[in-house]
Every structure is written in structure tokens, then in C-alpha cells.
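Chemist: Below is the file coords26.cif, which contains mmCIF, C-alpha atoms.
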```cif
data_entry
loop_
_atom_site.group_PDB
_atom_site.id
_atom_site.type_symbol
_atom_site.label_atom_id
_atom_site.label_comp_id
_atom_site.auth_asym_id
_atom_site.auth_seq_id
_atom_site.Cartn_x
_atom_site.Cartn_y
_atom_site.Cartn_z
ATOM 1 C CA MET V 19 11.874 -40.166 -22.473
ATOM 2 C CA THR V 20 11.522 -36.807 -20.809
ATOM 3 C CA ALA V 21 9.692 -33.867 -22.343
ATOM 4 C CA LYS V 22 12.076 -30.904 -22.740
ATOM 5 C CA LYS V 23 10.038 -28.282 -24.588
ATOM 6 C CA ALA V 24 6.842 -27.848 -26.586
ATOM 7 C CA GLY V 25 6.782 -29.552 -29.987
ATOM 8 C CA ILE V 26 6.301 -32.868 -31.785
ATOM 9 C CA ALA V 27 8.721 -35.769 -31.930
ATOM 10 C CA ASN V 28 8.489 -39.132 -33.724
ATOM 11 C CA ILE V 29 10.157 -41.992 -31.879
ATOM 12 C CA THR V 30 10.894 -45.197 -33.732
ATOM 13 C CA ALA V 31 11.933 -48.477 -32.158
ATOM 14 C CA THR V 32 13.777 -50.800 -34.570
ATOM 15 C CA ALA V 33 14.581 -54.467 -33.825
ATOM 16 C CA ALA V 34 17.657 -56.354 -35.051
ATOM 17 C CA ASN V 35 15.533 -57.948 -37.813
ATOM 18 C CA GLY V 36 14.711 -54.489 -39.223
ATOM 19 C CA LYS V 37 11.097 -54.399 -38.031
ATOM 20 C CA SER V 38 10.042 -51.104 -36.430
ATOM 21 C CA ALA V 39 7.184 -49.279 -34.827
ATOM 22 C CA SER V 40 6.732 -45.557 -34.276
ATOM 23 C CA CYS V 41 5.099 -43.310 -31.746
ATOM 24 C CA ARG V 42 4.251 -39.675 -32.298
ATOM 25 C CA VAL V 43 4.829 -37.609 -29.109
ATOM 26 C CA THR V 44 3.303 -34.160 -28.687
ATOM 27 C CA VAL V 45 4.716 -32.021 -25.877
ATOM 28 C CA LYS V 46 2.619 -29.071 -24.670
ATOM 29 C CA ASP V 47 3.743 -26.229 -22.422
ATOM 30 C CA ALA V 48 2.783 -26.932 -18.863
ATOM 31 C CA LYS V 49 0.775 -24.094 -17.369
ATOM 32 C CA PRO V 50 1.792 -23.261 -13.837
ATOM 33 C CA PRO V 51 -0.952 -23.684 -11.266
ATOM 34 C CA VAL V 52 -3.012 -20.585 -10.546
ATOM 35 C CA ILE V 53 -2.243 -19.275 -7.072
ATOM 36 C CA ARG V 54 -5.171 -17.215 -5.809
ATOM 37 C CA VAL V 55 -4.896 -14.042 -3.754
ATOM 38 C CA LYS V 56 -5.913 -14.730 -0.149
ATOM 39 C CA SER V 57 -5.944 -11.154 1.141
ATOM 40 C CA VAL V 58 -5.307 -7.500 0.398
ATOM 41 C CA LYS V 59 -4.289 -5.171 3.231
ATOM 42 C CA LEU V 60 -3.736 -1.416 3.250
ATOM 43 C CA ASN V 61 -1.289 0.542 5.401
ATOM 44 C CA LYS V 62 -4.220 2.707 6.625
ATOM 45 C CA LYS V 63 -7.886 1.912 7.371
ATOM 46 C CA THR V 64 -8.819 5.544 8.029
ATOM 47 C CA LEU V 65 -7.057 8.717 7.005
ATOM 48 C CA THR V 66 -7.614 12.450 7.507
ATOM 49 C CA LEU V 67 -6.043 14.882 5.069
ATOM 50 C CA GLY V 68 -6.145 18.623 4.515
ATOM 51 C CA VAL V 69 -7.116 19.962 1.085
ATOM 52 C CA GLY V 70 -4.005 19.795 -1.107
ATOM 53 C CA GLU V 71 -2.263 17.210 1.077
ATOM 54 C CA LYS V 72 -0.897 14.011 -0.486
ATOM 55 C CA PHE V 73 -0.559 10.480 0.851
ATOM 56 C CA THR V 74 0.360 7.109 -0.640
ATOM 57 C CA LEU V 75 -1.732 4.108 0.311
ATOM 58 C CA LYS V 76 0.268 0.892 0.103
ATOM 59 C CA ALA V 77 -1.517 -2.354 -0.691
ATOM 60 C CA THR V 78 0.001 -5.661 0.429
ATOM 61 C CA VAL V 79 -1.210 -8.671 -1.543
ATOM 62 C CA SER V 80 -0.865 -12.138 0.002
ATOM 63 C CA PRO V 81 0.528 -14.590 -0.739
ATOM 64 C CA LYS V 82 3.576 -13.048 -2.372
ATOM 65 C CA ASN V 83 3.551 -15.697 -5.128
ATOM 66 C CA ALA V 84 -0.111 -15.133 -6.120
ATOM 67 C CA THR V 85 -0.643 -15.336 -9.876
ATOM 68 C CA ASN V 86 -2.671 -12.116 -10.248
ATOM 69 C CA ARG V 87 -1.213 -9.535 -7.840
ATOM 70 C CA LYS V 88 -2.296 -6.465 -9.838
ATOM 71 C CA VAL V 89 -4.083 -3.964 -7.593
ATOM 72 C CA THR V 90 -6.913 -1.795 -8.918
ATOM 73 C CA TRP V 91 -8.079 1.323 -7.086
ATOM 74 C CA LYS V 92 -11.660 2.616 -6.902
ATOM 75 C CA LEU V 93 -13.400 5.541 -5.205
ATOM 76 C CA SER V 94 -16.843 5.263 -3.582
ATOM 77 C CA ASN V 95 -18.046 8.401 -5.348
ATOM 78 C CA LYS V 96 -17.040 10.590 -8.240
ATOM 79 C CA LYS V 97 -17.344 13.962 -6.471
ATOM 80 C CA LYS V 98 -13.645 14.691 -6.914
ATOM 81 C CA ILE V 99 -12.973 14.761 -3.165
ATOM 82 C CA VAL V 100 -9.676 12.990 -3.870
ATOM 83 C CA THR V 101 -7.846 11.622 -6.851
ATOM 84 C CA ILE V 102 -5.984 8.329 -6.712
ATOM 85 C CA LYS V 103 -3.488 6.735 -9.072
ATOM 86 C CA ASN V 104 -1.437 3.677 -8.106
ATOM 87 C CA GLY V 105 -2.264 4.348 -4.453
ATOM 88 C CA LYS V 106 -1.179 8.008 -4.574
ATOM 89 C CA ILE V 107 -3.934 10.181 -3.111
ATOM 90 C CA VAL V 108 -4.325 13.925 -3.588
ATOM 91 C CA ALA V 109 -6.980 15.631 -1.443
ATOM 92 C CA LYS V 110 -8.990 18.015 -3.662
ATOM 93 C CA LYS V 111 -11.949 19.247 -1.590
ATOM 94 C CA LYS V 112 -13.703 18.687 1.742
ATOM 95 C CA GLY V 113 -15.715 15.501 2.128
ATOM 96 C CA THR V 114 -15.471 11.788 2.828
ATOM 97 C CA VAL V 115 -14.719 8.984 0.404
ATOM 98 C CA THR V 116 -13.945 5.285 0.674
ATOM 99 C CA ILE V 117 -11.048 3.964 -1.376
ATOM 100 C CA THR V 118 -11.052 0.283 -2.320
ATOM 101 C CA ALA V 119 -7.953 -1.648 -3.364
ATOM 102 C CA ALA V 120 -8.734 -4.963 -5.070
ATOM 103 C CA ALA V 121 -6.680 -7.853 -6.437
ATOM 104 C CA ASP V 122 -8.072 -11.106 -7.805
ATOM 105 C CA GLY V 123 -11.451 -10.557 -6.129
ATOM 106 C CA LYS V 124 -10.079 -9.716 -2.658
ATOM 107 C CA LYS V 125 -10.540 -6.180 -1.309
ATOM 108 C CA ALA V 126 -9.426 -3.749 1.378
ATOM 109 C CA THR V 127 -10.820 -0.288 2.095
ATOM 110 C CA CYS V 128 -9.688 2.997 3.590
ATOM 111 C CA LYS V 129 -12.088 5.756 4.661
ATOM 112 C CA VAL V 130 -10.583 9.138 3.771
ATOM 113 C CA THR V 131 -11.872 12.362 5.322
ATOM 114 C CA VAL V 132 -10.711 15.592 3.735
ATOM 115 C CA LYS V 133 -10.921 18.733 5.857
ATOM 116 C CA ALA V 134 -9.804 22.310 5.331
ATOM 117 C CA ALA V 135 -6.060 22.697 4.893
ATOM 118 C CA PRO V 136 -4.295 24.129 7.935
ATOM 119 C CA ASP V 137 -3.953 27.891 7.676
ATOM 120 C CA LYS V 138 -2.289 30.511 9.889
ATOM 121 C CA LYS V 139 -5.155 30.231 12.399
ATOM 122 C CA ALA V 140 -4.670 26.484 12.852
ATOM 123 C CA LYS V 141 -3.526 25.682 16.371
ATOM 124 C CA VAL V 142 -0.940 22.921 16.908
ATOM 125 C CA THR V 143 -0.579 21.496 20.404
ATOM 126 C CA ILE V 144 1.645 18.969 22.149
ATOM 127 C CA LYS V 145 0.220 17.292 25.274
ATOM 128 C CA LYS V 146 3.341 17.694 27.423
ATOM 129 C CA LYS V 147 5.393 20.868 27.158
ATOM 130 C CA SER V 148 8.320 19.305 29.034
ATOM 131 C CA VAL V 149 9.619 15.732 29.414
ATOM 132 C CA THR V 150 12.568 14.397 31.434
ATOM 133 C CA LEU V 151 14.132 11.107 30.303
ATOM 134 C CA LYS V 152 16.958 8.903 31.493
ATOM 135 C CA VAL V 153 19.661 8.038 28.969
ATOM 136 C CA LYS V 154 18.528 5.294 26.515
ATOM 137 C CA LYS V 155 14.839 5.745 27.436
ATOM 138 C CA SER V 156 12.222 6.812 24.874
ATOM 139 C CA TYR V 157 9.149 9.016 24.739
ATOM 140 C CA GLN V 158 6.776 9.573 21.809
ATOM 141 C CA ILE V 159 5.911 13.238 21.297
ATOM 142 C CA LYS V 160 2.567 13.594 19.546
ATOM 143 C CA ALA V 161 1.357 16.819 18.032
ATOM 144 C CA LYS V 162 -2.311 17.583 17.304
ATOM 145 C CA ILE V 163 -4.066 20.153 15.189
ATOM 146 C CA SER V 164 -7.529 21.573 15.869
ATOM 147 C CA GLN V 165 -10.251 19.254 14.574
ATOM 148 C CA LYS V 166 -11.604 21.588 11.930
ATOM 149 C CA TYR V 167 -8.389 21.122 9.931
ATOM 150 C CA GLY V 168 -7.022 18.087 8.153
ATOM 151 C CA CYS V 169 -3.435 16.993 8.623
ATOM 152 C CA ASN V 170 -1.958 13.531 8.121
ATOM 153 C CA GLY V 171 1.266 14.161 9.973
ATOM 154 C CA PHE V 172 3.820 16.563 11.271
ATOM 155 C CA LYS V 173 7.473 17.120 10.497
ATOM 156 C CA TYR V 174 9.408 16.966 13.760
ATOM 157 C CA THR V 175 12.746 18.761 14.003
ATOM 158 C CA VAL V 176 15.367 19.063 16.734
ATOM 159 C CA ASP V 177 17.297 22.280 17.291
ATOM 160 C CA LYS V 178 21.040 22.241 16.568
ATOM 161 C CA LYS V 179 22.050 22.000 20.238
ATOM 162 C CA GLY V 180 19.440 19.299 20.895
ATOM 163 C CA LYS V 181 20.812 16.999 18.175
ATOM 164 C CA LYS V 182 23.626 16.071 20.564
ATOM 165 C CA VAL V 183 21.064 15.149 23.230
ATOM 166 C CA VAL V 184 18.271 13.266 21.363
ATOM 167 C CA LYS V 185 17.665 11.580 18.061
#
```
Could I get this file's structure written as C-alpha cells?

Modeler:
Amino acid sequence: MTAKKAGIANITATAANGKSASCRVTVKDAKPPVIRVKSVKLNKKTLTLGVGEKFTLKATVSPKNATNRKVTWKLSNKKKIVTIKNGKIVAKKKGTVTITAAADGKKATCKVTVKAAPDKKAKVTIKKKSVTLKVKKSYQIKAKISQKYGCNGFKYTVDKKGKKVVK
């Protein structure tokens, strides 16, 4: 016999002379084995934001088939420096906070520093003002903002004429 689903079955064996014997079989649901989380990783270990800026931390739980993959988010202090919900951070005021993502007892952290939001006095610089490239070669342009301001990233745009030259 092979168990098909949870329940009770009575099996009776009867001989040619009419004599019989019975066996009561109880089938229980098999619980799948618990697969423990081995690690939690975040897409950032440190982060600098300006007041009002938003960023989404992404937690990767391994292995992918772990039983309890639910991630919980916690802040190191309750001073309202940032808010976080499902990894979505909003910088509220200047300060530093550590965010912890946890799943099944495993943890990862990200240190978040919130600085003043860039204003009209904020100075943005690019290391090289001019670059010459050969066709199919690459160069990474990196912008910086003065240290007193917080900024997680820049939006890079190419002028209309330049779109035919670079991507």
C-alpha cells in the first residue's frame, strides 16, 4: 500500500475459507523538512543620504528555498533619523543610524548617515572635465558633491547631439 493523503483506512485480508484479519492504517500529513536561512545580505553596507532623499535597501536571503525567508527591519535608535518599511528608507533628519535586516536569526546591517539635503550652494564636481575615448571603449564618469551634503546618487544625462556619440 502507498499512503495518498491524510486520513484513516481499514484494510482487511480475507482467505478463501472466509477467515479475515484487519489492520487500521492512519496516514498523517508529512511535514516538509525545515530549511534554515544561511545568510542575509544587503545591497549596501554603508549609505549617505540627504534629508528627504529615499533609497530602497534590498535584502537577499540564502538559500532561496529557505523555509522562513521573511525579512524584518529594525533601526538602532528611535530618533526618527530615517523611517524604514519593507526596505524603503526615507531620510528625515541629520544623524547616523544602523539598519538591521533579519531572517530566521541571520542578520545583515547597513550604516546610514543622513546629511543636509543639497541646496543651491552645494557644489557638484567631476574629476575630469574632458575625456577622449576610442570607439567601443568605456569610461566611468563620477560626480561628487561637497561633503557637508548628503546625496546617494546623480542623474546623468547626455545632450541631444551627444546621444549619437555615447550611450

Chemist: Is it possible to get the residues within 10 Å of (-10.5, -1.5, 5.5) (coordinates as in the file, counting only C-alpha atoms) written as a JSON list (two decimals) with C-alpha atoms, in the frame of the given file?

Modeler:
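The resulting file, out.json, is reproduced below:
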```
[["chain", "number", "residue", "atom", "x", "y", "z"],
["V", 58, "VAL", "CA", -5.31, -7.50, 0.40],
["V", 59, "LYS", "CA", -4.29, -5.17, 3.23],
["V", 60, "LEU", "CA", -3.74, -1.42, 3.25],
["V", 61, "ASN", "CA", -1.29, 0.54, 5.40],
["V", 62, "LYS", "CA", -4.22, 2.71, 6.62],
["V", 63, "LYS", "CA", -7.89, 1.91, 7.37],
["V", 64, "THR", "CA", -8.82, 5.54, 8.03],
["V", 116, "THR", "CA", -13.94, 5.28, 0.67],
["V", 117, "ILE", "CA", -11.05, 3.96, -1.38],
["V", 118, "THR", "CA", -11.05, 0.28, -2.32],
["V", 119, "ALA", "CA", -7.95, -1.65, -3.36],
["V", 125, "LYS", "CA", -10.54, -6.18, -1.31],
["V", 126, "ALA", "CA", -9.43, -3.75, 1.38],
["V", 127, "THR", "CA", -10.82, -0.29, 2.10],
["V", 128, "CYS", "CA", -9.69, 3.00, 3.59],
["V", 129, "LYS", "CA", -12.09, 5.76, 4.66]]
```

Chemist: Tell me which of V:Leu75, V:Ala161, V:Ala21, V:Ile29 sits closest to Arg42 (chain V), counting all atoms listed in the file.

Modeler: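 Looking at the shortest contact to Arg42 (chain V), the residue is V:Ile29.
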
Chemist: Determine, counting only C-alpha atoms, every residue of protein, DNA or RNA that lies within 12 Å of (-6.0, -13.4, -5.4) in the file coordinates, then give the result as a ChimeraX atom specification.

Modeler: /V:52-58,78-89,120-125

Chemist: I'd like the neighbourhood of Val69 (chain V) as a VMD selection string, where a residue qualifies if any of its atoms comes within 10 Å (using only C-alpha atoms), though same-chain residues fewer than 5 positions away should be ignored.

Modeler: chain V and resid 99 to 100 108 to 113 131 to 136 167 to 169

Chemist: Could you check the closest approach to Tyr174 (chain V) for each of V:Ala27, V:Leu151, V:Ile144, V:Val130 and tell me which residue wins, using only C-alpha atoms?

Modeler: V:Ile144
